[in-house]
Amino acid sequence: MGVKSIVDVNNAEFVLTNLGKDRPIQWYSVGQPQAIEGTDWIVTVLDINIIDQRAIITVKNAATGVESDPITLEKSVPVYLYPVNGPLQYGTAYPGRADLVLTLVDTFIGINNNPYATIQAVTDRETETYWMWRGKNNFKINATGLEPGNYTYQVLLNLTNGNEIRLPERRVTLLGEPVATLKILSRPSNASVYIDGNYRGMTPLTLEIPSGNHPLHSRERDTKLTPQQ
């Protein structure tokens with residue numbers, strides 16, 4: 001699985017790309033620890049400045065126990081977090097890999113007159129390096145092992161003349177492997193079902209399998225299996 005892009009260049013250059021999974025934008029109030037959906041990361045907001053559109057937070061990983069010092073988030077400025085020899089480090093310059101990227105989206109006063117901050121999280125940003133040549137270049141970002149969902153990636157061009165070009169971030173949706181719902185009947189009923197040589201249950205049976213051709217058989221003699229989609 002991968003994400004394909006085309007970049008048109010005039011000089012040979014290295015291209016660095018990073019791909020991270022987008023998490024839903026979440027609302028935070030002061031002093032209320034909240035887990036980032038689908039992760040072990042917990043964010044606690046210590047202070048929210050509505051006028052300066054700034055929030056001070058701490059971040060902790062519930063699985064490892066690693067925790068950050070207070071971090072200042074400014075609106076629309078990504079902060080990259082990554083562990084170094086145990087402690088959780090952070091900064092606004094992309095370090096090549098980040099376990100977590102947090103961006104303050106907005107600060108506002110809620111209907112209960114309490115301040116709130118909305119924060120966008122991206123997890124597991126990786127970097128890959130490509131050598132590119134004059135003209136149009138195809139490259140493919142490796143997405144093997146990533147679960148389906150929305151991801152963000154960015155291309156950083158390091159030109160041979162020493163200049164750097166950072167292209168705008170792009171978002172892409174990775175779809176899971178296509179699946180088909182299969183209903184299997186038999187005559188007589190209550191027959192064992194093997195798909196691709198693996199036991200899957202007894203008839204009547206309904207299950208999801210990857211789309212494509214799959215050998216289907218039963219170990220009972222004189223049994224006819226009837227698959228239906």
# chains A, B, ... in the order shown; residues from 1 in each chain; ligands from 1
call {"tool": "residues_around", "arguments": {"residues": "A:Pro33", "least_positions_apart": "2", "cutoff": "10 Å", "atoms": "only C-alpha atoms", "output": "NGL selection string"}}
result
:A and (28-31 or 35-36 or 42-46 or 57-60)
call {"tool": "residues_around", "arguments": {"residues": "A:Val66", "least_positions_apart": "2", "cutoff": "12 Å", "atoms": "only C-alpha atoms", "output": "list in words"}}
result
Asp40, Trp41, Ile42, Thr58, Val59, Lys60, Asn61, Ala62, Ala63, Thr64, Ser68, Asp69, Leu81, Tyr82, Pro83, Val84, Asn85, Gly86, Pro87, Leu88, Gln89 and Asp99 of chain A
call {"tool": "atom_distance", "arguments": {"atom1": "atom CA of A:Gly149", "atom2": "atom CA of A:Glu37"}}
result
12.8 Å
call {"tool": "atom_distance", "arguments": {"atom1": "atom CA of A:Thr203", "atom2": "atom CA of A:Arg221"}}
result
14.4 Å
call {"tool": "closest_residue", "arguments": {"among": "A:Arg187, A:Arg166, A:Arg97, A:Arg171", "to": "A:Pro204", "atoms": "only C-alpha atoms"}}
result
A:Arg187
call {"tool": "atom_distance", "arguments": {"atom1": "atom CA of A:Tyr116", "atom2": "atom CA of A:Glu169"}}
result
26.1 Å
call {"tool": "closest_residue", "arguments": {"among": "A:Arg200, A:Ile71, A:Val193, A:Lys183", "to": "A:Leu216", "atoms": "only C-alpha atoms"}}
result
A:Val193
call {"tool": "closest_residue", "arguments": {"among": "A:Thr152, A:Asn198, A:Asn190, A:Gln32", "to": "A:Ala117", "atoms": "only C-alpha atoms"}}
result
A:Gln32
call {"tool": "residues_around", "arguments": {"residues": "A:Val79", "least_positions_apart": "2", "cutoff": "6 Å", "atoms": "only C-alpha atoms", "output": "number ranges by chain"}}
result
A: 91-92, 101-102
call {"tool": "write_last_selection", "arguments": {"atoms": "all heavy atoms", "output": "mmCIF file, in the first residue's frame"}}
result
data_model
loop_
_atom_site.group_PDB
_atom_site.id
_atom_site.type_symbol
_atom_site.label_atom_id
_atom_site.label_comp_id
_atom_site.auth_asym_id
_atom_site.auth_seq_id
_atom_site.Cartn_x
_atom_site.Cartn_y
_atom_site.Cartn_z
ATOM 1 N N GLY A 91 9.255 20.320 19.666
ATOM 2 C CA GLY A 91 9.725 21.512 18.979
ATOM 3 C C GLY A 91 8.857 21.787 17.768
ATOM 4 O O GLY A 91 8.019 20.961 17.380
ATOM 5 N N THR A 92 9.046 22.950 17.144
ATOM 6 C CA THR A 92 8.249 23.323 15.974
ATOM 7 C C THR A 92 8.944 22.955 14.665
ATOM 8 O O THR A 92 8.367 23.128 13.593
ATOM 9 C CB THR A 92 7.957 24.832 15.981
ATOM 10 O OG1 THR A 92 9.191 25.552 16.063
ATOM 11 C CG2 THR A 92 7.078 25.204 17.173
ATOM 12 N N VAL A 101 2.009 14.845 16.687
ATOM 13 C CA VAL A 101 2.054 16.234 16.224
ATOM 14 C C VAL A 101 0.760 16.904 16.678
ATOM 15 O O VAL A 101 -0.335 16.415 16.381
ATOM 16 C CB VAL A 101 2.171 16.335 14.691
ATOM 17 C CG1 VAL A 101 2.353 17.791 14.279
ATOM 18 C CG2 VAL A 101 3.317 15.479 14.176
ATOM 19 N N LEU A 102 0.874 18.021 17.403
ATOM 20 C CA LEU A 102 -0.295 18.734 17.904
ATOM 21 C C LEU A 102 -0.335 20.138 17.316
ATOM 22 O O LEU A 102 0.681 20.833 17.275
ATOM 23 C CB LEU A 102 -0.263 18.820 19.430
ATOM 24 C CG LEU A 102 -0.334 17.493 20.191
ATOM 25 C CD1 LEU A 102 -0.193 17.726 21.685
ATOM 26 C CD2 LEU A 102 -1.631 16.759 19.882
#
call {"tool": "residues_around", "arguments": {"residues": "stretch 48-55 of chain A", "least_positions_apart": "6", "cutoff": "8 Å", "atoms": "only C-alpha atoms", "output": "list in words"}}
result
Val30, Thr72, Leu73, Glu74, Lys75, Leu104, Asp106, Thr107, Phe108, Ile109, Pro115, Tyr116 and Ala117 of chain A
call {"tool": "residues_around", "arguments": {"residues": "A:Pro215", "least_positions_apart": "2", "cutoff": "9 Å", "atoms": "only C-alpha atoms", "output": "list in words"}}
result
Tyr194, Ile195, Asp196, Gly197, Asn213 and His217 of chain A
call {"tool": "write_last_selection", "arguments": {"atoms": "C-alpha atoms", "output": "short mmCIF file (atom, residue, chain, number, x, y, z; two decimals), in the first residue's frame"}}
result
data_model
loop_
_atom_site.label_atom_id
_atom_site.label_comp_id
_atom_site.auth_asym_id
_atom_site.auth_seq_id
_atom_site.Cartn_x
_atom_site.Cartn_y
_atom_site.Cartn_z
CA TYR A 194 -13.10 -24.22 5.03
CA ILE A 195 -11.94 -21.15 3.08
CA ASP A 196 -8.38 -21.04 1.76
CA GLY A 197 -7.81 -24.21 3.78
CA ASN A 213 -11.21 -15.97 -5.53
CA HIS A 217 -14.80 -26.86 0.70
#
call {"tool": "residues_around", "arguments": {"residues": "A:Leu182", "least_positions_apart": "2", "cutoff": "10 Å", "atoms": "only C-alpha atoms", "output": "PyMOL selection string"}}
result
chain A and resi 179-180+184-185+205-209+211+227-229
